[in-house]
Amino acid sequence: MTPAAREAAGRPARVAPADGLLALCAALAVLAVAAHAPVAWRALATFGFVGLVPGYALVRLVELGTGLERAVLAVAASLSLATVVSVGFSLGHAFSALAVLSCLAGLTGVLVAGRVARRPRSSP
Amino acid sequence: MTTLAALGLRVSVVICAYTEERWDDLCAAVASALRQTRPPTEVIVVIDHCPPLLERARLAFPRALVVENAGPAGLSGGRNTGIARARGDVVAFLDDDAAADERWLERLLAAYEEPGVVGAGGRVVPRWSARRPDWFPPAFDWVVGCSHAGMPSSTRPVRNFVGANMSFRRDLLVSLGGFSERLGRNGTNSAGCEETELCIRAQRSGNGVRLVYEPGAVVHHRVPPARGTWRYFLRRCYGEGRSKAEVVRLAGRSRALADERSYLVSTVPRAVAASLGEAARGRPSRGLAAVAALAGTGATFAGYLRGRLSLAPVAGLAVLAGALALWVHVLVHGVDLARMSDFGLVSVLPAAYFLSLGLLTAGFAWWVRRAPAHPLLLAAHLVALLAVLHLTPALLYGTLRYSWAWKHVAITGFVIDTHGVDLTQPIPSLVAYQDWPGFFTLNATLTSGSGLSSALGYAGLAPFVSELAYAGPLALISGAFTSDVRLRWTALWLFYLGNWIGQDYFSPQGFAFFLYLVVLALCLRYLPGRHDVGEHGAADPTARRRRRAAYGLVLLCTLAIACTHQLTPFMVVTALAALALGRRLYYRSLPAVALAVSAAWVLLAGHTFIATNFPSLSAGLGDLFSNASVNQFNAAYASPDQLLISRVDRLLTAWICLVALVGVWRNWRSERRRSWLAAALLCVSPVPALLGNSYGGEIVFRVYLFALPFLALLGAAAFHPARRRASRLADGAKFAVAGALLAAFAVSYYGKERVNYFSPNEVAATARFYALAPPGSYVTGLVGDDTWPLHGYEHYTTYWYTQVGPKAVERLLADPVGTLLRAMRPYRHAYLLLTATDAAVIGEQGLLPPGSLARIRSQVLASGHFRVVVSTPTVLALELVHHPSRGTP
């Protein structure tokens, strides 16, 4: 049952596991880079996070697309966000991967929080 | 009682006919439709490609709208034509050999008063022309197109209707794209189930959607004697089984077979038991009905098995596996890259490689014909094609191909080393990259974040990854124009075979092109013109929210493009302007906003580059013909093989354009014309770029690249016209064109690999040279298409004679040693770098007269002014050692 259908049925919307997963991915990517994890893990975390997570959080928040469409938009939005953020740091001569990833992770957190805040609260 | 709401519905009755043999039945059907207690708004008679019947019907039915089937021959095409011409809120379908009760429409329309009802169907009663055979079980009346025993006796929701008596809301039919033309009867064949598949799709279209069976809405279906035979009975059962298998493919097993399970476990056993009971009570002939029920079930099951257990998927997988096995064989055994001629990789790749490509093309063409079935197999073929085409060089070479890719890896290293770019202190050799740093800062994040020493570790995969990434937005774009799955897959295939330009390597333009495609996909899917959206769509809050979200995403992508690449923002703006001018863009302001974003970036960051290069940038302004001329080769000295390859490039480009024109022509009179006008506009939207600049002689190819997605879409329509059913001839033509395109693509794409390939020896020797040459050194050479140092390139001053221009080359050729000494003396450390790739570029493109390179090399070595610092079969690096007189630079 979709959240909207649950809401219509008078039941509180269940918090989607995807929201928690997105936040976890963001935190893990920053942690892997900050802690100088082995290259294989860092590469997996960095490419996976930068290529998908912030954008997926964004298209989930604005509820755009489903299936393939959402995947394509998520990748494009993620890479665009990463490009814009990294250019910002670069112009300020403050570029470092950790700074960019931290900023993107913070942005992901905000987007996830925005989505969670929009859900109807469950009654006590 | 029918409510006012239901009474307010307008209804169109569609009757399809294909033969004059049923003329009397057709007359009865039309008369019954016009004689209703609730008169229809219109009666539409669709004649299925039978001109004599069309003429006769037009004369005989003045109160009906008689039209010709505008789609493929068959019942589905005829019904879809009726839907397209219908004006009613509800479209009701009646067979040409059926007659409706007077209250048929009244009863059907009454069902629509319930909320969520999008379709209503009624009971179909058999009217046997001869006596009903005793053996014919009532539970199998569906064999003669009628309601069978076991169907509901009161009004209730059902999964599907009987095709002879059904109705749907027209909006729903339009949104679903009508009946599947892969299913449905064509003439006298025994196929069917098109209404079942449509009903399943209808119920998937939204929550709470219902189809209601109203047994009070009755239609009498004439059953001729020919349908009362065992032969017809078994043949029809078998055909139904095969059609069910097709429905399972299209709609999934759970929904397609839900009613059939209960029919098998409940209705058939009851029918058998009832028949046996009657036989036991003294009617032995009724015993045959039990046999017929069992035989009919067996025949249906056999047909279903035949449809499901097709060997085709197994064969398809075998072809795919065979193609991949051949490719792996080539990779494992390797090829002798040292033998590469001016035909590039084409000259050294073995026959097994091309056989692999041929198998993939044949397999793809075969599966496209069966689309939308087996989408995963089609996707697997596409990914395999991309892997074979674009991973092969990376896997065979073991080194990064293409000099510019090395350069981009180096600039990524520069961003990491310097923690960004300084717009106030531009480095002359890097100014274009400093001013548009998006791609490099993104990769600096990925490289540095991953803990890699440089982007070299993954840059080789860029062509494959880029092409694969393009598939997503391309699929979305084609989906915005057509629901024809075969056309969409063909468009993808054409795009990939037409994309010989090679801008998919590790580059800003490759990345920006992906974002360009996403921007257009967003506009076409979420921001169509106000006319297409309609008043309801404009006011719908959900649609409005999505439009705003799409607008925001478009701006985000545009900003990323603006800070990544110089040319792509222009293409984005012209494409959006073309959509706006053609009234295909909801927000007319979007092109201006995109232009503002792009211009703002140029003002913020790009002004240094613009100011530095203004003379060359403005030289071609407005000179369309000069900019459009391609002058990459000096025909007097260039390799004949390369001249041939450049002709193949042009031929392939012209071919794609020609196929697109054929697509426009073949679809001009169809309903696609209006919606596809946007594709035509997007094809020409990059053309204004020709007025701006020659872009180093490449602008015409860039224009082609940005138009290619839409050229491919229109080209695919040439093979899948809206009004014709696929034929073997068309399939053969499609395969022949695909094969020819593949051959041309291989020549165009791989033909230049001799200058793109760096042997491991050359890579190692060049790296050794840069390790020896201290930062601040002056490095000169003839071409500069070398492997760059991964870090610290910005510390070298470089000068490449053929890049500077003809006058510099003339000076060098006239006095090689003197010219070099004059240029190199001012520097404490000055080097001349000559590589095998330089020699290949000079030979292929005819940059110098034959023998010039050897002459320069021998004179320099004999001059005594230089000492050898690196000498390998592929690299010669010389350092200037004598400074007889130091002058100013």
# chains A, B, ... in the order shown; residues from 1 in each chain; ligands from 1
call {"tool": "residues_around", "arguments": {"residues": "Leu553 of chain B", "least_positions_apart": "3", "cutoff": "8 Å", "atoms": "only C-alpha atoms", "output": "mmCIF file with C-alpha atoms, in the first residue's frame"}}
result
data_model
loop_
_atom_site.group_PDB
_atom_site.id
_atom_site.type_symbol
_atom_site.label_atom_id
_atom_site.label_comp_id
_atom_site.auth_asym_id
_atom_site.auth_seq_id
_atom_site.Cartn_x
_atom_site.Cartn_y
_atom_site.Cartn_z
ATOM 1 C CA ALA A 77 20.510 15.659 -10.491
ATOM 2 C CA VAL B 519 17.102 18.685 -19.944
ATOM 3 C CA ALA B 549 9.913 20.548 -9.963
ATOM 4 C CA ALA B 550 10.899 19.813 -13.560
ATOM 5 C CA LEU B 556 20.025 22.855 -12.046
ATOM 6 C CA CYS B 557 21.220 20.832 -15.050
#
call {"tool": "select_by_dssp", "arguments": {"residues": "segment 96-246 of chain B", "states": "helix (DSSP H, G or I)", "output": "PyMOL selection string"}}
result
chain B and resi 104-113+138-144+170-176+194-204+225-228+230-246
call {"tool": "write_last_selection", "arguments": {"atoms": "C-alpha atoms", "output": "PDB file, in the first residue's frame"}}
result
ATOM      1  CA  TRP B 104     -28.393  -2.405 -24.972  1.00  0.00           C
ATOM      2  CA  LEU B 105     -26.853   1.081 -24.726  1.00  0.00           C
ATOM      3  CA  GLU B 106     -29.246   2.166 -21.989  1.00  0.00           C
ATOM      4  CA  ARG B 107     -28.161  -0.748 -19.816  1.00  0.00           C
ATOM      5  CA  LEU B 108     -24.476  -0.296 -20.571  1.00  0.00           C
ATOM      6  CA  LEU B 109     -24.539   3.419 -19.789  1.00  0.00           C
ATOM      7  CA  ALA B 110     -26.351   2.789 -16.527  1.00  0.00           C
ATOM      8  CA  ALA B 111     -23.252   0.982 -15.276  1.00  0.00           C
ATOM      9  CA  TYR B 112     -21.230   4.206 -15.562  1.00  0.00           C
ATOM     10  CA  GLU B 113     -23.181   5.886 -12.804  1.00  0.00           C
ATOM     11  CA  PRO B 138     -22.223 -24.134 -23.186  1.00  0.00           C
ATOM     12  CA  ALA B 139     -19.130 -23.536 -21.056  1.00  0.00           C
ATOM     13  CA  PHE B 140     -17.243 -23.154 -24.332  1.00  0.00           C
ATOM     14  CA  ASP B 141     -19.505 -20.575 -25.954  1.00  0.00           C
ATOM     15  CA  TRP B 142     -16.528 -18.196 -25.852  1.00  0.00           C
ATOM     16  CA  VAL B 143     -15.280 -20.273 -28.805  1.00  0.00           C
ATOM     17  CA  VAL B 144     -18.007 -18.630 -30.920  1.00  0.00           C
ATOM     18  CA  ARG B 170     -12.992   7.253 -24.583  1.00  0.00           C
ATOM     19  CA  ASP B 171     -10.434   9.200 -22.484  1.00  0.00           C
ATOM     20  CA  LEU B 172      -9.208   5.923 -21.060  1.00  0.00           C
ATOM     21  CA  LEU B 173      -8.917   4.280 -24.473  1.00  0.00           C
ATOM     22  CA  VAL B 174      -6.936   7.224 -25.784  1.00  0.00           C
ATOM     23  CA  SER B 175      -4.624   7.302 -22.789  1.00  0.00           C
ATOM     24  CA  LEU B 176      -4.015   3.556 -23.099  1.00  0.00           C
ATOM     25  CA  GLU B 194      -7.014  -8.147 -27.565  1.00  0.00           C
ATOM     26  CA  GLU B 195      -9.930  -7.061 -25.387  1.00  0.00           C
ATOM     27  CA  THR B 196      -8.586  -9.072 -22.437  1.00  0.00           C
ATOM     28  CA  GLU B 197      -5.214  -7.384 -22.679  1.00  0.00           C
ATOM     29  CA  LEU B 198      -6.839  -3.956 -22.963  1.00  0.00           C
ATOM     30  CA  CYS B 199      -9.070  -4.636 -19.966  1.00  0.00           C
ATOM     31  CA  ILE B 200      -6.032  -5.630 -17.897  1.00  0.00           C
ATOM     32  CA  ARG B 201      -4.241  -2.446 -18.873  1.00  0.00           C
ATOM     33  CA  ALA B 202      -7.370  -0.443 -18.097  1.00  0.00           C
ATOM     34  CA  GLN B 203      -7.509  -1.824 -14.579  1.00  0.00           C
ATOM     35  CA  ARG B 204      -3.838  -1.029 -14.073  1.00  0.00           C
ATOM     36  CA  PRO B 225     -22.698 -23.425 -39.421  1.00  0.00           C
ATOM     37  CA  ALA B 226     -18.961 -23.389 -40.157  1.00  0.00           C
ATOM     38  CA  ARG B 227     -18.343 -22.575 -36.509  1.00  0.00           C
ATOM     39  CA  GLY B 228     -20.289 -25.551 -35.282  1.00  0.00           C
ATOM     40  CA  TRP B 230     -15.119 -29.981 -34.380  1.00  0.00           C
ATOM     41  CA  ARG B 231     -12.391 -28.622 -36.618  1.00  0.00           C
ATOM     42  CA  TYR B 232     -13.286 -25.007 -35.897  1.00  0.00           C
ATOM     43  CA  PHE B 233     -13.830 -25.743 -32.214  1.00  0.00           C
ATOM     44  CA  LEU B 234     -10.373 -27.231 -31.702  1.00  0.00           C
ATOM     45  CA  ARG B 235      -8.629 -24.693 -33.917  1.00  0.00           C
ATOM     46  CA  ARG B 236     -10.234 -21.802 -32.053  1.00  0.00           C
ATOM     47  CA  CYS B 237      -9.335 -23.328 -28.670  1.00  0.00           C
ATOM     48  CA  TYR B 238      -5.737 -23.728 -29.800  1.00  0.00           C
ATOM     49  CA  GLY B 239      -5.655 -20.133 -31.089  1.00  0.00           C
ATOM     50  CA  GLU B 240      -7.088 -18.879 -27.796  1.00  0.00           C
ATOM     51  CA  GLY B 241      -4.308 -20.665 -25.925  1.00  0.00           C
ATOM     52  CA  ARG B 242      -1.649 -19.012 -28.082  1.00  0.00           C
ATOM     53  CA  SER B 243      -3.285 -15.620 -27.648  1.00  0.00           C
ATOM     54  CA  LYS B 244      -3.365 -16.140 -23.886  1.00  0.00           C
ATOM     55  CA  ALA B 245       0.362 -16.796 -23.967  1.00  0.00           C
ATOM     56  CA  GLU B 246       0.817 -13.471 -25.748  1.00  0.00           C
TER      57      GLU B 246
END
call {"tool": "interface_residues", "arguments": {"of": "chain B", "to": "chain A", "cutoff": "9 Å", "atoms": "only C-alpha atoms", "output": "PyMOL selection string"}}
result
chain B and resi 415-416+418-423+437-452+469+472-473+475-476+514-515+518+522+545-546+549-550+553+556-561+563-564
call {"tool": "residues_around", "arguments": {"residues": "Glu102 of chain B", "least_positions_apart": "5", "cutoff": "10 Å", "atoms": "only C-alpha atoms", "output": "list in words"}}
result
Ser32, Ala33, Leu34, Arg35, Gln36, Thr37, Arg38, Pro39, Arg107, Ala217, Val218 and Val219 of chain B
call {"tool": "closest_residue", "arguments": {"among": "B:Gly818, B:Gly732, B:Cys50, B:Gly163", "to": "Trp366 of chain B", "atoms": "only C-alpha atoms"}}
result
B:Gly732
call {"tool": "closest_residue", "arguments": {"among": "B:Gly552, B:Gly77, B:Pro688, B:Pro640", "to": "Ala707 of chain B", "atoms": "only C-alpha atoms"}}
result
B:Pro688
call {"tool": "residues_around", "arguments": {"residues": "segment 18-20 of chain A", "least_positions_apart": "6", "cutoff": "8 Å", "atoms": "only C-alpha atoms", "output": "ChimeraX atom specification"}}
result
/A:57,112,116
call {"tool": "write_last_selection", "arguments": {"atoms": "N, CA and C atoms", "output": "PDB file, in the first residue's frame"}}
result
ATOM      1  N   ALA A  57      17.559  11.730  -3.479  1.00  0.00           N
ATOM      2  CA  ALA A  57      16.834  12.404  -2.386  1.00  0.00           C
ATOM      3  C   ALA A  57      16.021  13.574  -2.935  1.00  0.00           C
ATOM      4  N   VAL A 112      16.227  14.794   2.732  1.00  0.00           N
ATOM      5  CA  VAL A 112      15.540  13.678   3.387  1.00  0.00           C
ATOM      6  C   VAL A 112      14.640  14.203   4.508  1.00  0.00           C
ATOM      7  N   VAL A 116      10.631  13.787   5.044  1.00  0.00           N
ATOM      8  CA  VAL A 116      10.040  13.211   6.263  1.00  0.00           C
ATOM      9  C   VAL A 116       9.077  14.211   6.904  1.00  0.00           C
TER      10      VAL A 116
END
call {"tool": "select_by_dssp", "arguments": {"residues": "segment 814-870 of chain B", "states": "strand (DSSP E or B)", "output": "PyMOL selection string"}}
result
chain B and resi 830-835+866-870
call {"tool": "write_last_selection", "arguments": {"atoms": "N, CA and C atoms", "output": "PDB file, in the first residue's frame"}}
result
ATOM      1  N   ALA B 830      65.005  23.454 -22.067  1.00  0.00           N
ATOM      2  CA  ALA B 830      64.121  23.432 -23.248  1.00  0.00           C
ATOM      3  C   ALA B 830      64.282  22.092 -23.954  1.00  0.00           C
ATOM      4  N   TYR B 831      63.153  21.545 -24.354  1.00  0.00           N
ATOM      5  CA  TYR B 831      63.161  20.184 -24.901  1.00  0.00           C
ATOM      6  C   TYR B 831      62.368  20.119 -26.204  1.00  0.00           C
ATOM      7  N   LEU B 832      62.833  19.230 -27.062  1.00  0.00           N
ATOM      8  CA  LEU B 832      62.068  18.885 -28.264  1.00  0.00           C
ATOM      9  C   LEU B 832      61.563  17.461 -28.077  1.00  0.00           C
ATOM     10  N   LEU B 833      60.244  17.282 -28.212  1.00  0.00           N
ATOM     11  CA  LEU B 833      59.633  15.962 -27.973  1.00  0.00           C
ATOM     12  C   LEU B 833      59.013  15.452 -29.271  1.00  0.00           C
ATOM     13  N   LEU B 834      59.497  14.320 -29.748  1.00  0.00           N
ATOM     14  CA  LEU B 834      58.960  13.704 -30.967  1.00  0.00           C
ATOM     15  C   LEU B 834      58.480  12.298 -30.623  1.00  0.00           C
ATOM     16  N   THR B 835      57.213  12.004 -30.953  1.00  0.00           N
ATOM     17  CA  THR B 835      56.655  10.692 -30.568  1.00  0.00           C
ATOM     18  C   THR B 835      56.089   9.964 -31.784  1.00  0.00           C
ATOM     19  N   PHE B 866      71.715  19.647 -29.419  1.00  0.00           N
ATOM     20  CA  PHE B 866      70.780  18.897 -28.575  1.00  0.00           C
ATOM     21  C   PHE B 866      71.431  17.623 -28.054  1.00  0.00           C
ATOM     22  N   ARG B 867      70.990  17.232 -26.891  1.00  0.00           N
ATOM     23  CA  ARG B 867      71.414  15.917 -26.387  1.00  0.00           C
ATOM     24  C   ARG B 867      70.177  15.077 -26.120  1.00  0.00           C
ATOM     25  N   VAL B 868      70.347  13.794 -26.352  1.00  0.00           N
ATOM     26  CA  VAL B 868      69.211  12.875 -26.201  1.00  0.00           C
ATOM     27  C   VAL B 868      68.983  12.597 -24.721  1.00  0.00           C
ATOM     28  N   VAL B 869      67.745  12.800 -24.266  1.00  0.00           N
ATOM     29  CA  VAL B 869      67.451  12.447 -22.867  1.00  0.00           C
ATOM     30  C   VAL B 869      66.579  11.189 -22.787  1.00  0.00           C
ATOM     31  N   VAL B 870      65.737  10.977 -23.774  1.00  0.00           N
ATOM     32  CA  VAL B 870      64.954   9.736 -23.845  1.00  0.00           C
ATOM     33  C   VAL B 870      64.949   9.285 -25.295  1.00  0.00           C
TER      34      VAL B 870
END
call {"tool": "atom_distance", "arguments": {"atom1": "atom CA of Tyr801 of chain B", "atom2": "atom CA of Asp786 of chain B"}}
result
13.7 Å
call {"tool": "atom_distance", "arguments": {"atom1": "atom CA of Glu698 of chain B", "atom2": "atom CA of Ala455 of chain B"}}
result
26.5 Å
call {"tool": "atom_distance", "arguments": {"atom1": "atom CA of Ile656 of chain B", "atom2": "atom CA of Leu682 of chain B"}}
result
15.1 Å
call {"tool": "closest_residue", "arguments": {"among": "A:Leu28, A:Ala113, A:Ala74, A:Ala16", "to": "Pro54 of chain A", "atoms": "only C-alpha atoms"}}
result
A:Ala74
